[in-house]
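These notes concern the structure reproduced below.
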Amino acid sequence: MEEIKCSCQGGTVIMYSCSGNANLGQACNELAQRLMERGVGRMGCLAGVGGHVPNMVLSAQSADEIIVLDGCQMGCALKIMEHAGAKASVHLVATEIGLVKKNGKRWTEDEVQAMDEALAQLRPSRNVFV
Amino acid sequence: MRIEVFGTGCAKCKRLEKNVHEALAKSGIKAEVIKIEDIDAITDRGIMVTPALAIDGDVKLMGKVPSVDELVEFFRA
């Protein structure tokens with residue numbers, strides 16, 4: 001079977017964000033939305049994959065590239081993808097780039113920018129990052 | 001049989017629709033074919049990767065354009 005994706009820009013990219021309660025989980029969510037607005041790919045629904053919604057799981061398994069954004073080292077988003085049988089192409093953990101997790105706090109612009117720049121380093125072949 | 005083809009209208013999605021019609025003609029299987037191009041209608045079904053194909057409401061494949069013969073086998077399964 002010929003593997004052809006609908007996207008005309010080299011395949012389907014889906015971003016999944018942990019979107020947890022702390023500042024960094026929410027910063028992941030903000031970054032995923034910005035990536036989507038920039039045309040990097042589509043933001044996937046992690047809850048749908050975690051809830052084993054069949055079409056959501058099949059979407060994750062069918063993506064050409066999966067970007068997983070986790071706020072902290074627990075890596076919940078990555079674990080959900082693994083449970084769904086979908087392989088992350090890129091995995092960014094906000095605390096691993098020196099950001100500090102603060103439960104119940106809002107994200108800051110500096111945090112989102114730092115994650116954006118770190119992600120660009122993880123995807124050097126892509127020129128869509130500023 | 002009710003076959004839904006999901007795609008936003010690019011050449012590859014149209015090719016899947018064309019292959020579906022050719023497969024039905026070749027196999028003699030009777031089916032209603034519906035093309036869904038609205039991105040919101042597509043994502044409302046949880047489909048993030050296109051083209052996609054559903055049979056009787058169940059999404060069977062995403063991101064692939066099977067050949068006519070492969071679709072014939074698929075429909076007969």
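For the structure tokens, the naming scheme is as follows: chains receive sequential letters (A, B, ...) according to their order of presentation, residues are indexed from 1 within each chain, and ligands are indexed from 1 in presentation order.
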
How close does each residue of chain B get to chain A, giving the shortest atom pair and distance in Å to one decimal for every residue with an atom at most 10 Å away, counting only C-alpha atoms, sorted by chain and residue number, as a Markdown table?
```
| residue | atom | partner | partner_atom | distance |
| --- | --- | --- | --- | --- |
| B:Phe6 | CA | A:Cys6 | CA | 9.9 |
| B:Gly7 | CA | A:Cys6 | CA | 7.2 |
| B:Thr8 | CA | A:Cys6 | CA | 8.1 |
| B:Gly9 | CA | A:Cys6 | CA | 8.8 |
| B:Cys10 | CA | A:Cys6 | CA | 6.7 |
| B:Ala11 | CA | A:Cys6 | CA | 8.1 |
| B:Lys12 | CA | A:Cys6 | CA | 5.9 |
| B:Cys13 | CA | A:Cys6 | CA | 6.4 |
| B:Lys14 | CA | A:Cys6 | CA | 9.8 |
| B:Thr43 | CA | A:Met56 | CA | 9.4 |
| B:Arg45 | CA | A:Asn55 | CA | 7.1 |
| B:Gly46 | CA | A:Met56 | CA | 5.1 |
| B:Ile47 | CA | A:Asn55 | CA | 5.9 |
| B:Met48 | CA | A:Ser59 | CA | 5.3 |
| B:Val49 | CA | A:Ser59 | CA | 5.6 |
| B:Thr50 | CA | A:Cys6 | CA | 5.1 |
| B:Pro51 | CA | A:Cys6 | CA | 5.5 |
| B:Ala52 | CA | A:Cys6 | CA | 9.1 |
| B:Asp58 | CA | A:Asn55 | CA | 8.7 |
| B:Val59 | CA | A:Asn55 | CA | 6.7 |
| B:Lys60 | CA | A:Leu58 | CA | 8.9 |
| B:Leu61 | CA | A:Leu58 | CA | 7.9 |
| B:Met62 | CA | A:Ser62 | CA | 6.3 |
| B:Gly63 | CA | A:Lys5 | CA | 4.7 |
| B:Lys64 | CA | A:Glu3 | CA | 5.0 |
| B:Val65 | CA | A:Glu2 | CA | 5.8 |
| B:Pro66 | CA | A:Met1 | CA | 5.1 |
| B:Ser67 | CA | A:Met1 | CA | 6.7 |
| B:Glu70 | CA | A:Met1 | CA | 7.4 |
| B:Leu71 | CA | A:Met1 | CA | 9.8 |
```

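Taking stretch 36-74 of chain B and asking which residues DSSP calls helix (DSSP H, G or I) on the backbone, you get Ile39, Asp40, Ala41, Ile42, Thr43, Asp44, Val68, Asp69, Glu70, Leu71, Val72, Glu73 and Phe74 of chain B.
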
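What separates atom CA of A:Lys101 from atom CA of A:Ile80 is a distance of 20.4 Å.
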
Just checking: using only C-alpha atoms, which residue out of B:Val20, B:Ala41, B:Lys26, B:Ala77 ends up closest to B:Leu53?
B:Val20

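Taking atom CA of B:Val72 and atom CA of B:Gly28 as the two end points, the separation is 9.5 Å.
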
Residues within 9 Å of A:His91, please, as a list in words. Count only C-alpha atoms; anything in the same chain fewer than 6 positions from it doesn't count.
Ile66, Ile67, Val68, Leu69, Asp70, Leu78, Leu119 and Leu122 of chain A

Store the residues of this selection in a file with N, CA and C atoms, as a PDB file, in the first residue's frame.
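Result file is selection.pdb:
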```
ATOM      1  N   ILE A  66       5.588  13.064  15.298  1.00  0.00           N
ATOM      2  CA  ILE A  66       4.877  13.416  16.526  1.00  0.00           C
ATOM      3  C   ILE A  66       5.817  14.217  17.411  1.00  0.00           C
ATOM      4  N   ILE A  67       5.364  15.399  17.792  1.00  0.00           N
ATOM      5  CA  ILE A  67       6.107  16.234  18.736  1.00  0.00           C
ATOM      6  C   ILE A  67       5.385  16.148  20.075  1.00  0.00           C
ATOM      7  N   VAL A  68       6.085  15.688  21.088  1.00  0.00           N
ATOM      8  CA  VAL A  68       5.483  15.559  22.416  1.00  0.00           C
ATOM      9  C   VAL A  68       6.100  16.611  23.337  1.00  0.00           C
ATOM     10  N   LEU A  69       5.246  17.376  23.972  1.00  0.00           N
ATOM     11  CA  LEU A  69       5.688  18.436  24.874  1.00  0.00           C
ATOM     12  C   LEU A  69       5.253  18.083  26.287  1.00  0.00           C
ATOM     13  N   ASP A  70       6.231  17.837  27.143  1.00  0.00           N
ATOM     14  CA  ASP A  70       5.940  17.526  28.540  1.00  0.00           C
ATOM     15  C   ASP A  70       6.469  18.644  29.428  1.00  0.00           C
ATOM     16  N   LEU A  78       4.362  11.603  26.996  1.00  0.00           N
ATOM     17  CA  LEU A  78       5.127  10.569  26.286  1.00  0.00           C
ATOM     18  C   LEU A  78       4.615   9.182  26.657  1.00  0.00           C
ATOM     19  N   LEU A 119      12.976  23.525  21.368  1.00  0.00           N
ATOM     20  CA  LEU A 119      12.369  22.621  20.390  1.00  0.00           C
ATOM     21  C   LEU A 119      13.020  22.799  19.021  1.00  0.00           C
ATOM     22  N   LEU A 122      15.964  20.782  18.791  1.00  0.00           N
ATOM     23  CA  LEU A 122      15.688  19.353  18.648  1.00  0.00           C
ATOM     24  C   LEU A 122      15.239  18.984  17.243  1.00  0.00           C
TER      25      LEU A 122
END
```

Quick one: pick out all strand (DSSP E) residues within chain B from a backbone DSSP run and write them as a ChimeraX atom specification.
/B:2-6,32-36,52-55,58-62

Could those residues be written to a file, using C-alpha atoms, as a PDB file, in the first residue's frame?
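Now in part37.pdb:
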```pdb
ATOM      1  CA  ARG B   2     -21.604   3.248   3.360  1.00  0.00           C
ATOM      2  CA  ILE B   3     -18.124   4.493   2.523  1.00  0.00           C
ATOM      3  CA  GLU B   4     -16.837   7.856   3.689  1.00  0.00           C
ATOM      4  CA  VAL B   5     -13.714   9.422   2.210  1.00  0.00           C
ATOM      5  CA  PHE B   6     -12.148  12.144   4.340  1.00  0.00           C
ATOM      6  CA  GLU B  32     -22.904   4.765  -1.016  1.00  0.00           C
ATOM      7  CA  VAL B  33     -19.775   6.941  -1.251  1.00  0.00           C
ATOM      8  CA  ILE B  34     -19.641  10.211   0.629  1.00  0.00           C
ATOM      9  CA  LYS B  35     -16.775  12.705   0.385  1.00  0.00           C
ATOM     10  CA  ILE B  36     -16.150  14.828   3.478  1.00  0.00           C
ATOM     11  CA  ALA B  52      -8.911   8.635   5.595  1.00  0.00           C
ATOM     12  CA  LEU B  53     -11.568   6.059   4.855  1.00  0.00           C
ATOM     13  CA  ALA B  54     -14.516   4.844   6.917  1.00  0.00           C
ATOM     14  CA  ILE B  55     -16.823   1.933   6.237  1.00  0.00           C
ATOM     15  CA  ASP B  58     -15.824   2.958  11.383  1.00  0.00           C
ATOM     16  CA  VAL B  59     -12.581   4.626  10.295  1.00  0.00           C
ATOM     17  CA  LYS B  60     -10.469   1.879   8.779  1.00  0.00           C
ATOM     18  CA  LEU B  61      -7.397   3.702   7.539  1.00  0.00           C
ATOM     19  CA  MET B  62      -5.641   7.044   7.653  1.00  0.00           C
TER      20      MET B  62
END
```

Considering only C-alpha atoms, return as a PyMOL selection string whatever protein or nucleic-acid residues lie within 10 Å of B:Phe75, sequence-local ones (same chain, fewer than 6 positions apart) excluded.
chain B and resi 1+3+20+23-24+27+29+31+55+69

Close residues, stretch 19-22 of chain A itself excluded, 6 Å, only C-alpha atoms, min 4 positions apart in chain, as a PyMOL selection string:
chain A and resi 26+29+102-105

So what do you get for atom CA of A:Gln113 versus atom CA of A:Leu31, distance-wise?
8.3 Å
